[in-house]
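Coordinates as given in final-v5.cif (mmCIF, N, CA and C atoms):
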data_input
#
loop_
_atom_site.group_PDB
_atom_site.id
_atom_site.type_symbol
_atom_site.label_atom_id
_atom_site.label_comp_id
_atom_site.auth_asym_id
_atom_site.auth_seq_id
_atom_site.Cartn_x
_atom_site.Cartn_y
_atom_site.Cartn_z
ATOM 1 N N ALA A 1 101.967 51.479 141.263
ATOM 2 C CA ALA A 1 100.986 52.420 140.732
ATOM 3 C C ALA A 1 101.332 53.837 141.154
ATOM 4 N N GLU A 2 101.781 53.991 142.408
ATOM 5 C CA GLU A 2 102.110 55.329 142.905
ATOM 6 C C GLU A 2 103.291 55.924 142.149
ATOM 7 N N ALA A 3 104.305 55.108 141.878
ATOM 8 C CA ALA A 3 105.476 55.583 141.124
ATOM 9 C C ALA A 3 105.081 55.997 139.715
ATOM 10 N N ARG A 4 104.196 55.227 139.097
ATOM 11 C CA ARG A 4 103.739 55.577 137.748
ATOM 12 C C ARG A 4 102.989 56.901 137.782
ATOM 13 N N ALA A 5 102.153 57.092 138.792
ATOM 14 C CA ALA A 5 101.379 58.335 138.902
ATOM 15 C C ALA A 5 102.306 59.532 139.073
ATOM 16 N N ARG A 6 103.393 59.384 139.840
ATOM 17 C CA ARG A 6 104.348 60.485 140.024
ATOM 18 C C ARG A 6 105.032 60.843 138.712
ATOM 19 N N ARG A 7 105.244 59.871 137.834
ATOM 20 C CA ARG A 7 105.887 60.131 136.547
ATOM 21 C C ARG A 7 104.878 60.599 135.499
ATOM 22 N N GLY A 8 103.622 60.744 135.851
ATOM 23 C CA GLY A 8 102.608 61.204 134.912
ATOM 24 C C GLY A 8 102.077 60.109 134.019
ATOM 25 N N ILE A 9 102.274 58.872 134.404
ATOM 26 C CA ILE A 9 101.806 57.739 133.615
ATOM 27 C C ILE A 9 100.494 57.239 134.201
ATOM 28 N N SER A 10 99.493 57.122 133.372
ATOM 29 C CA SER A 10 98.172 56.691 133.818
ATOM 30 C C SER A 10 98.180 55.205 134.161
ATOM 31 N N PRO A 11 97.911 54.843 135.434
ATOM 32 C CA PRO A 11 97.875 53.415 135.762
ATOM 33 C C PRO A 11 96.783 52.671 134.997
ATOM 34 N N VAL A 12 95.683 53.337 134.717
ATOM 35 C CA VAL A 12 94.589 52.673 134.002
ATOM 36 C C VAL A 12 95.020 52.359 132.567
ATOM 37 N N ALA A 13 95.597 53.343 131.869
ATOM 38 C CA ALA A 13 96.025 53.121 130.491
ATOM 39 C C ALA A 13 97.142 52.084 130.427
ATOM 40 N N THR A 14 98.079 52.153 131.347
ATOM 41 C CA THR A 14 99.185 51.196 131.371
ATOM 42 C C THR A 14 98.659 49.793 131.633
ATOM 43 N N ASP A 15 97.731 49.664 132.568
ATOM 44 C CA ASP A 15 97.148 48.353 132.863
ATOM 45 C C ASP A 15 96.359 47.825 131.672
ATOM 46 N N MET A 16 95.642 48.707 130.962
ATOM 47 C CA MET A 16 94.881 48.274 129.781
ATOM 48 C C MET A 16 95.826 47.777 128.691
ATOM 49 N N LEU A 17 96.939 48.484 128.499
ATOM 50 C CA LEU A 17 97.910 48.076 127.489
ATOM 51 C C LEU A 17 98.529 46.731 127.867
ATOM 52 N N ALA A 18 98.834 46.542 129.138
ATOM 53 C CA ALA A 18 99.392 45.260 129.595
ATOM 54 C C ALA A 18 98.383 44.126 129.419
ATOM 55 N N MET A 19 97.111 44.396 129.688
ATOM 56 C CA MET A 19 96.086 43.364 129.497
ATOM 57 C C MET A 19 95.976 42.978 128.027
ATOM 58 N N ALA A 20 96.136 43.955 127.138
ATOM 59 C CA ALA A 20 95.996 43.693 125.702
ATOM 60 C C ALA A 20 97.230 43.014 125.113
ATOM 61 N N THR A 21 98.354 43.060 125.818
ATOM 62 C CA THR A 21 99.590 42.489 125.276
ATOM 63 C C THR A 21 99.984 41.237 126.059
ATOM 64 N N ILE A 22 100.770 41.402 127.105
ATOM 65 C CA ILE A 22 101.264 40.243 127.847
ATOM 66 C C ILE A 22 100.132 39.504 128.559
ATOM 67 N N GLY A 23 99.118 40.228 129.007
ATOM 68 C CA GLY A 23 97.979 39.577 129.671
ATOM 69 C C GLY A 23 97.245 38.636 128.735
ATOM 70 N N SER A 24 96.992 39.092 127.512
ATOM 71 C CA SER A 24 96.308 38.242 126.531
ATOM 72 C C SER A 24 97.171 37.040 126.165
ATOM 73 N N ALA A 25 98.478 37.254 126.044
ATOM 74 C CA ALA A 25 99.381 36.146 125.719
ATOM 75 C C ALA A 25 99.359 35.098 126.831
ATOM 76 N N ARG A 26 99.310 35.547 128.088
ATOM 77 C CA ARG A 26 99.250 34.597 129.216
ATOM 78 C C ARG A 26 97.968 33.771 129.176
ATOM 79 N N VAL A 27 96.859 34.437 128.863
ATOM 80 C CA VAL A 27 95.564 33.752 128.849
ATOM 81 C C VAL A 27 95.569 32.580 127.865
ATOM 82 N N VAL A 28 96.208 32.760 126.725
ATOM 83 C CA VAL A 28 96.231 31.696 125.719
ATOM 84 C C VAL A 28 97.492 30.835 125.803
ATOM 85 N N GLY A 29 98.285 31.043 126.851
ATOM 86 C CA GLY A 29 99.467 30.218 127.072
ATOM 87 C C GLY A 29 100.623 30.477 126.134
ATOM 88 N N LEU A 30 100.694 31.689 125.563
ATOM 89 C CA LEU A 30 101.761 32.003 124.614
ATOM 90 C C LEU A 30 102.711 33.092 125.115
ATOM 91 N N ASP A 31 102.690 33.372 126.420
ATOM 92 C CA ASP A 31 103.488 34.470 126.948
ATOM 93 C C ASP A 31 104.998 34.243 126.829
ATOM 94 N N ARG A 32 105.434 33.019 126.561
ATOM 95 C CA ARG A 32 106.867 32.783 126.327
ATOM 96 C C ARG A 32 107.247 33.111 124.879
ATOM 97 N N GLU A 33 106.251 33.243 124.000
ATOM 98 C CA GLU A 33 106.502 33.515 122.584
ATOM 99 C C GLU A 33 106.119 34.933 122.163
ATOM 100 N N ILE A 34 105.071 35.491 122.772
ATOM 101 C CA ILE A 34 104.548 36.799 122.367
ATOM 102 C C ILE A 34 104.124 37.595 123.614
ATOM 103 N N GLY A 35 103.746 38.837 123.412
ATOM 104 C CA GLY A 35 103.150 39.628 124.483
ATOM 105 C C GLY A 35 104.041 40.697 125.068
ATOM 106 N N SER A 36 105.339 40.648 124.788
ATOM 107 C CA SER A 36 106.257 41.684 125.258
ATOM 108 C C SER A 36 107.416 41.787 124.271
ATOM 109 N N LEU A 37 108.055 42.942 124.271
ATOM 110 C CA LEU A 37 109.148 43.179 123.331
ATOM 111 C C LEU A 37 110.470 42.811 123.998
ATOM 112 N N VAL A 38 110.851 41.561 123.823
ATOM 113 C CA VAL A 38 112.124 41.071 124.343
ATOM 114 C C VAL A 38 112.778 40.206 123.266
ATOM 115 N N PRO A 39 114.118 40.135 123.266
ATOM 116 C CA PRO A 39 114.800 39.315 122.258
ATOM 117 C C PRO A 39 114.290 37.879 122.268
ATOM 118 N N GLY A 40 114.066 37.345 121.066
ATOM 119 C CA GLY A 40 113.643 35.965 120.918
ATOM 120 C C GLY A 40 112.140 35.770 120.795
ATOM 121 N N LYS A 41 111.355 36.790 121.153
ATOM 122 C CA LYS A 41 109.902 36.668 121.010
ATOM 123 C C LYS A 41 109.464 37.196 119.654
ATOM 124 N N ARG A 42 108.353 36.653 119.147
ATOM 125 C CA ARG A 42 107.748 37.176 117.925
ATOM 126 C C ARG A 42 107.157 38.542 118.267
ATOM 127 N N ALA A 43 107.174 39.450 117.307
ATOM 128 C CA ALA A 43 106.734 40.808 117.613
ATOM 129 C C ALA A 43 105.749 41.352 116.588
ATOM 130 N N ASP A 44 104.640 41.860 117.079
ATOM 131 C CA ASP A 44 103.712 42.673 116.298
ATOM 132 C C ASP A 44 103.790 44.060 116.922
ATOM 133 N N ILE A 45 104.163 45.050 116.132
ATOM 134 C CA ILE A 45 104.400 46.397 116.660
ATOM 135 C C ILE A 45 103.644 47.409 115.809
ATOM 136 N N VAL A 46 103.122 48.450 116.467
ATOM 137 C CA VAL A 46 102.462 49.542 115.773
ATOM 138 C C VAL A 46 103.120 50.845 116.213
ATOM 139 N N ALA A 47 103.558 51.658 115.252
ATOM 140 C CA ALA A 47 104.101 52.988 115.536
ATOM 141 C C ALA A 47 102.955 53.978 115.415
ATOM 142 N N VAL A 48 102.714 54.729 116.478
ATOM 143 C CA VAL A 48 101.561 55.618 116.541
ATOM 144 C C VAL A 48 102.006 57.063 116.709
ATOM 145 N N GLN A 49 101.403 57.942 115.916
ATOM 146 C CA GLN A 49 101.599 59.379 116.081
ATOM 147 C C GLN A 49 100.464 59.862 116.968
ATOM 148 N N PRO A 50 100.781 60.520 118.097
ATOM 149 C CA PRO A 50 99.704 60.997 118.977
ATOM 150 C C PRO A 50 98.732 61.912 118.239
ATOM 151 N N ALA A 51 97.520 61.962 118.737
ATOM 152 C CA ALA A 51 96.470 62.794 118.133
ATOM 153 C C ALA A 51 96.853 64.266 118.185
ATOM 154 N N GLU A 52 96.321 65.017 117.246
ATOM 155 C CA GLU A 52 96.517 66.467 117.200
ATOM 156 C C GLU A 52 96.117 67.072 118.541
ATOM 157 N N GLY A 53 97.008 67.881 119.090
ATOM 158 C CA GLY A 53 96.709 68.547 120.351
ATOM 159 C C GLY A 53 97.054 67.745 121.595
ATOM 160 N N ALA A 54 97.477 66.500 121.428
ATOM 161 C CA ALA A 54 97.875 65.700 122.595
ATOM 162 C C ALA A 54 99.182 66.257 123.129
ATOM 163 N N PRO A 55 99.348 66.298 124.444
ATOM 164 C CA PRO A 55 100.601 66.815 125.003
ATOM 165 C C PRO A 55 101.795 65.963 124.551
ATOM 166 N N VAL A 56 102.915 66.614 124.233
ATOM 167 C CA VAL A 56 104.079 65.887 123.745
ATOM 168 C C VAL A 56 104.669 64.961 124.804
ATOM 169 N N ASP A 57 104.441 65.263 126.075
ATOM 170 C CA ASP A 57 104.963 64.410 127.143
ATOM 171 C C ASP A 57 103.885 63.471 127.682
ATOM 172 N N ALA A 58 102.854 63.239 126.866
ATOM 173 C CA ALA A 58 101.746 62.378 127.295
ATOM 174 C C ALA A 58 102.220 60.948 127.510
ATOM 175 N N ASP A 59 101.501 60.247 128.326
ATOM 176 C CA ASP A 59 101.763 58.842 128.602
ATOM 177 C C ASP A 59 101.689 58.067 127.289
ATOM 178 N N PRO A 60 102.748 57.332 126.916
ATOM 179 C CA PRO A 60 102.711 56.566 125.661
ATOM 180 C C PRO A 60 101.560 55.566 125.604
ATOM 181 N N ALA A 61 101.173 54.997 126.742
ATOM 182 C CA ALA A 61 100.049 54.049 126.756
ATOM 183 C C ALA A 61 98.764 54.762 126.352
ATOM 184 N N LEU A 62 98.588 56.000 126.797
ATOM 185 C CA LEU A 62 97.392 56.755 126.413
ATOM 186 C C LEU A 62 97.405 57.066 124.921
ATOM 187 N N ALA A 63 98.575 57.374 124.370
ATOM 188 C CA ALA A 63 98.675 57.690 122.941
ATOM 189 C C ALA A 63 98.256 56.497 122.095
ATOM 190 N N VAL A 64 98.665 55.309 122.488
ATOM 191 C CA VAL A 64 98.328 54.100 121.736
ATOM 192 C C VAL A 64 96.835 53.819 121.808
ATOM 193 N N LEU A 65 96.226 54.087 122.957
ATOM 194 C CA LEU A 65 94.810 53.766 123.154
ATOM 195 C C LEU A 65 93.871 54.853 122.644
ATOM 196 N N ASP A 66 94.396 56.018 122.277
ATOM 197 C CA ASP A 66 93.573 57.138 121.814
ATOM 198 C C ASP A 66 93.070 56.854 120.396
ATOM 199 N N PRO A 67 91.752 56.757 120.203
ATOM 200 C CA PRO A 67 91.231 56.446 118.858
ATOM 201 C C PRO A 67 91.524 57.534 117.828
ATOM 202 N N ARG A 68 91.934 58.729 118.268
ATOM 203 C CA ARG A 68 92.256 59.808 117.331
ATOM 204 C C ARG A 68 93.707 59.737 116.861
ATOM 205 N N ALA A 69 94.511 58.850 117.455
ATOM 206 C CA ALA A 69 95.918 58.724 117.075
ATOM 207 C C ALA A 69 96.024 58.166 115.661
ATOM 208 N N HIS A 70 97.146 58.450 115.023
ATOM 209 C CA HIS A 70 97.368 58.020 113.635
ATOM 210 C C HIS A 70 98.425 56.918 113.609
ATOM 211 N N VAL A 71 98.081 55.772 113.036
ATOM 212 C CA VAL A 71 99.039 54.676 112.893
ATOM 213 C C VAL A 71 99.989 55.025 111.747
ATOM 214 N N MET A 72 101.290 55.085 112.074
ATOM 215 C CA MET A 72 102.303 55.458 111.080
ATOM 216 C C MET A 72 102.888 54.242 110.372
ATOM 217 N N ALA A 73 103.059 53.150 111.104
ATOM 218 C CA ALA A 73 103.654 51.938 110.538
ATOM 219 C C ALA A 73 103.261 50.756 111.407
ATOM 220 N N SER A 74 103.350 49.574 110.821
ATOM 221 C CA SER A 74 102.972 48.366 111.556
ATOM 222 C C SER A 74 103.835 47.199 111.098
ATOM 223 N N TRP A 75 104.197 46.335 112.060
ATOM 224 C CA TRP A 75 104.974 45.135 111.789
ATOM 225 C C TRP A 75 104.222 43.942 112.368
ATOM 226 N N VAL A 76 104.164 42.859 111.629
ATOM 227 C CA VAL A 76 103.533 41.627 112.093
ATOM 228 C C VAL A 76 104.602 40.541 112.076
ATOM 229 N N ASP A 77 104.787 39.925 113.220
ATOM 230 C CA ASP A 77 105.807 38.877 113.374
ATOM 231 C C ASP A 77 107.174 39.375 112.905
ATOM 232 N N GLY A 78 107.461 40.653 113.193
ATOM 233 C CA GLY A 78 108.754 41.229 112.863
ATOM 234 C C GLY A 78 108.903 41.723 111.437
ATOM 235 N N ARG A 79 107.873 41.570 110.598
ATOM 236 C CA ARG A 79 107.951 42.022 109.199
ATOM 237 C C ARG A 79 107.023 43.218 108.997
ATOM 238 N N GLN A 80 107.562 44.277 108.393
ATOM 239 C CA GLN A 80 106.752 45.471 108.179
ATOM 240 C C GLN A 80 105.651 45.191 107.166
ATOM 241 N N VAL A 81 104.409 45.554 107.528
ATOM 242 C CA VAL A 81 103.262 45.362 106.644
ATOM 243 C C VAL A 81 102.590 46.687 106.277
ATOM 244 N N LEU A 82 102.909 47.750 107.031
ATOM 245 C CA LEU A 82 102.330 49.065 106.752
ATOM 246 C C LEU A 82 103.397 50.111 106.969
ATOM 247 N N GLY A 83 103.547 50.987 105.984
ATOM 248 C CA GLY A 83 104.501 52.084 106.086
ATOM 249 C C GLY A 83 103.788 53.403 105.866
ATOM 250 N N GLU A 84 104.550 54.481 105.852
ATOM 251 C CA GLU A 84 103.953 55.806 105.679
ATOM 252 C C GLU A 84 103.198 55.939 104.364
ATOM 253 N N ASP A 85 103.607 55.168 103.342
ATOM 254 C CA ASP A 85 102.963 55.241 102.027
ATOM 255 C C ASP A 85 101.883 54.191 101.828
ATOM 256 N N GLY A 86 101.531 53.433 102.869
ATOM 257 C CA GLY A 86 100.494 52.417 102.764
ATOM 258 C C GLY A 86 101.042 51.024 102.988
ATOM 259 N N PRO A 87 100.309 50.017 102.538
ATOM 260 C CA PRO A 87 100.736 48.627 102.753
ATOM 261 C C PRO A 87 102.095 48.340 102.125
ATOM 262 N N VAL A 88 102.885 47.548 102.824
ATOM 263 C CA VAL A 88 104.178 47.101 102.312
ATOM 264 C C VAL A 88 103.956 45.693 101.777
ATOM 265 N N LEU A 89 104.026 45.570 100.474
ATOM 266 C CA LEU A 89 103.735 44.285 99.845
ATOM 267 C C LEU A 89 104.951 43.378 99.889
ATOM 268 N N PRO A 90 104.739 42.093 100.110
ATOM 269 C CA PRO A 90 105.865 41.158 100.163
ATOM 270 C C PRO A 90 106.484 40.962 98.782
ATOM 271 N N ASP A 91 107.714 40.534 98.795
ATOM 272 C CA ASP A 91 108.418 40.191 97.566
ATOM 273 C C ASP A 91 107.701 38.998 96.930
ATOM 274 N N THR A 92 107.282 39.125 95.678
ATOM 275 C CA THR A 92 106.525 38.078 94.990
ATOM 276 C C THR A 92 107.271 36.752 94.969
ATOM 277 N N GLY A 93 108.579 36.794 94.752
ATOM 278 C CA GLY A 93 109.366 35.565 94.708
ATOM 279 C C GLY A 93 109.319 34.818 96.029
ATOM 280 N N SER A 94 109.429 35.524 97.140
ATOM 281 C CA SER A 94 109.411 34.848 98.439
ATOM 282 C C SER A 94 108.013 34.329 98.761
ATOM 283 N N VAL A 95 106.991 35.026 98.315
ATOM 284 C CA VAL A 95 105.620 34.552 98.525
ATOM 285 C C VAL A 95 105.393 33.275 97.739
ATOM 286 N N ASN A 96 105.831 33.252 96.493
ATOM 287 C CA ASN A 96 105.680 32.053 95.666
ATOM 288 C C ASN A 96 106.458 30.874 96.249
ATOM 289 N N ALA A 97 107.662 31.124 96.749
ATOM 290 C CA ALA A 97 108.473 30.057 97.347
ATOM 291 C C ALA A 97 107.791 29.514 98.596
ATOM 292 N N ALA A 98 107.230 30.394 99.404
ATOM 293 C CA ALA A 98 106.531 29.968 100.620
ATOM 294 C C ALA A 98 105.286 29.157 100.263
ATOM 295 N N ALA A 99 104.589 29.561 99.210
ATOM 296 C CA ALA A 99 103.401 28.824 98.772
ATOM 297 C C ALA A 99 103.785 27.435 98.277
ATOM 298 N N ARG A 100 104.880 27.348 97.508
ATOM 299 C CA ARG A 100 105.342 26.035 97.033
ATOM 300 C C ARG A 100 105.740 25.144 98.205
ATOM 301 N N GLU A 101 106.427 25.700 99.170
ATOM 302 C CA GLU A 101 106.855 24.940 100.348
ATOM 303 C C GLU A 101 105.654 24.437 101.136
ATOM 304 N N ALA A 102 104.654 25.301 101.339
ATOM 305 C CA ALA A 102 103.445 24.904 102.063
ATOM 306 C C ALA A 102 102.708 23.809 101.302
ATOM 307 N N ARG A 103 102.619 23.945 99.998
ATOM 308 C CA ARG A 103 101.928 22.933 99.176
ATOM 309 C C ARG A 103 102.651 21.588 99.261
ATOM 310 N N ALA A 104 103.980 21.627 99.236
ATOM 311 C CA ALA A 104 104.765 20.393 99.319
ATOM 312 C C ALA A 104 104.554 19.702 100.663
ATOM 313 N N ARG A 105 104.461 20.484 101.733
ATOM 314 C CA ARG A 105 104.234 19.891 103.064
ATOM 315 C C ARG A 105 102.850 19.263 103.154
ATOM 316 N N ILE A 106 101.876 19.874 102.515
ATOM 317 C CA ILE A 106 100.503 19.351 102.540
ATOM 318 C C ILE A 106 100.414 18.064 101.741
ATOM 319 N N MET A 107 101.086 18.027 100.605
ATOM 320 C CA MET A 107 101.019 16.860 99.725
ATOM 321 C C MET A 107 101.817 15.750 100.326
#
Turn the structure described in the file into structure tokens.
Amino acid sequence: AEARARRGISPVATDMLAMATIGSARVVGLDREIGSLVPGKRADIVAVQPAEGAPVDADPALAVLDPRAHVMASWVDGRQVLGEDGPVLPDTGSVNAAAREARARIM
């Protein structure tokens, strides 16, 4: 905590971000699959533009938690679902193929 404070990183914001990511994954027993950005894990990621007037060297954890921040893009399970121009729609052919595959497994 002391080292983080010397670097200007808020221990409270960093701890809150950890609780919302790897901490939540541990609680539900999925920390080997999700909760941190490491090779081999599934990833949900949000790119955030800090709020107007936020210091450029602000703690990244604070920027993510700031309700005034602007979400620029989002990925769910490694696939982009939101871009600068709005929702990123899936390829219709792949959606139809996935639906057929799911239906076949159910039947």
Enumerate, as an mmCIF file with N, CA and C atoms, in the coordinates of the input, the protein, DNA and RNA residues whose atoms approach (96.4, 62.6, 112.7) to within 6 Å, taking into account only N, CA and C atoms and the coordinate frame of the file.
data_model
loop_
_atom_site.group_PDB
_atom_site.id
_atom_site.type_symbol
_atom_site.label_atom_id
_atom_site.label_comp_id
_atom_site.auth_asym_id
_atom_site.auth_seq_id
_atom_site.Cartn_x
_atom_site.Cartn_y
_atom_site.Cartn_z
ATOM 1 N N ALA A 51 97.520 61.962 118.737
ATOM 2 C CA ALA A 51 96.470 62.794 118.133
ATOM 3 C C ALA A 51 96.853 64.266 118.185
ATOM 4 N N GLU A 52 96.321 65.017 117.246
ATOM 5 C CA GLU A 52 96.517 66.467 117.200
ATOM 6 C C GLU A 52 96.117 67.072 118.541
ATOM 7 N N ARG A 68 91.934 58.729 118.268
ATOM 8 C CA ARG A 68 92.256 59.808 117.331
ATOM 9 C C ARG A 68 93.707 59.737 116.861
ATOM 10 N N ALA A 69 94.511 58.850 117.455
ATOM 11 C CA ALA A 69 95.918 58.724 117.075
ATOM 12 C C ALA A 69 96.024 58.166 115.661
ATOM 13 N N HIS A 70 97.146 58.450 115.023
ATOM 14 C CA HIS A 70 97.368 58.020 113.635
ATOM 15 C C HIS A 70 98.425 56.918 113.609
#
Applying 6.5 Å and all atoms listed in the file, which residues near stretch 44-48 of chain A remain after dropping the ones on its own chain fewer than 4 positions away? List them as a ChimeraX atom specification. /A:64,69-78
Going by the chain IDs and residue numbers used in this file, which residues fall under the PyMOL selection byres ((chain A and resi 17-23) around 8)? Write them as a PyMOL selection string. chain A and resi 11-16+24-31+34-37+61-62+65
Residues as selected, N, CA and C atoms, written as a compact mmCIF listing (two decimals), keeping the file's coordinate frame, can you do that?
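Final output, part_21.txt:
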# COMPACT_ATOMS: atom_id res chain seq x y z
N PRO A 11 97.91 54.84 135.43
CA PRO A 11 97.88 53.42 135.76
C PRO A 11 96.78 52.67 135.00
N VAL A 12 95.68 53.34 134.72
CA VAL A 12 94.59 52.67 134.00
C VAL A 12 95.02 52.36 132.57
N ALA A 13 95.60 53.34 131.87
CA ALA A 13 96.02 53.12 130.49
C ALA A 13 97.14 52.08 130.43
N THR A 14 98.08 52.15 131.35
CA THR A 14 99.18 51.20 131.37
C THR A 14 98.66 49.79 131.63
N ASP A 15 97.73 49.66 132.57
CA ASP A 15 97.15 48.35 132.86
C ASP A 15 96.36 47.82 131.67
N MET A 16 95.64 48.71 130.96
CA MET A 16 94.88 48.27 129.78
C MET A 16 95.83 47.78 128.69
N SER A 24 96.99 39.09 127.51
CA SER A 24 96.31 38.24 126.53
C SER A 24 97.17 37.04 126.16
N ALA A 25 98.48 37.25 126.04
CA ALA A 25 99.38 36.15 125.72
C ALA A 25 99.36 35.10 126.83
N ARG A 26 99.31 35.55 128.09
CA ARG A 26 99.25 34.60 129.22
C ARG A 26 97.97 33.77 129.18
N VAL A 27 96.86 34.44 128.86
CA VAL A 27 95.56 33.75 128.85
C VAL A 27 95.57 32.58 127.86
N VAL A 28 96.21 32.76 126.72
CA VAL A 28 96.23 31.70 125.72
C VAL A 28 97.49 30.84 125.80
N GLY A 29 98.28 31.04 126.85
CA GLY A 29 99.47 30.22 127.07
C GLY A 29 100.62 30.48 126.13
N LEU A 30 100.69 31.69 125.56
CA LEU A 30 101.76 32.00 124.61
C LEU A 30 102.71 33.09 125.12
N ASP A 31 102.69 33.37 126.42
CA ASP A 31 103.49 34.47 126.95
C ASP A 31 105.00 34.24 126.83
N ILE A 34 105.07 35.49 122.77
CA ILE A 34 104.55 36.80 122.37
C ILE A 34 104.12 37.60 123.61
N GLY A 35 103.75 38.84 123.41
CA GLY A 35 103.15 39.63 124.48
C GLY A 35 104.04 40.70 125.07
N SER A 36 105.34 40.65 124.79
CA SER A 36 106.26 41.68 125.26
C SER A 36 107.42 41.79 124.27
N LEU A 37 108.06 42.94 124.27
CA LEU A 37 109.15 43.18 123.33
C LEU A 37 110.47 42.81 124.00
N ALA A 61 101.17 55.00 126.74
CA ALA A 61 100.05 54.05 126.76
C ALA A 61 98.76 54.76 126.35
N LEU A 62 98.59 56.00 126.80
CA LEU A 62 97.39 56.76 126.41
C LEU A 62 97.40 57.07 124.92
N LEU A 65 96.23 54.09 122.96
CA LEU A 65 94.81 53.77 123.15
C LEU A 65 93.87 54.85 122.64
DSSP strand (DSSP E) residues within stretch 2-107 of chain A, listed as a ChimeraX atom specification: /A:45-49,70-76,79-83,86-87
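Here atom CA of A:Arg103 stands at a distance of 23.7 Å from atom CA of A:Val81.
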Could you give me the residues within chain A that DSSP places in helix (DSSP H, G or I), as a PyMOL selection string? chain A and resi 2-6+11-27+60-65+92-106
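Coordinates place atom CA of A:Pro67 at a distance of 20.3 Å from atom CA of A:Pro87.
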Interatomic distance between atom CA of A:Gln80 and atom CA of A:Lys41?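 Separation between atom CA of A:Gln80 and atom CA of A:Lys41: 15.9 Å.
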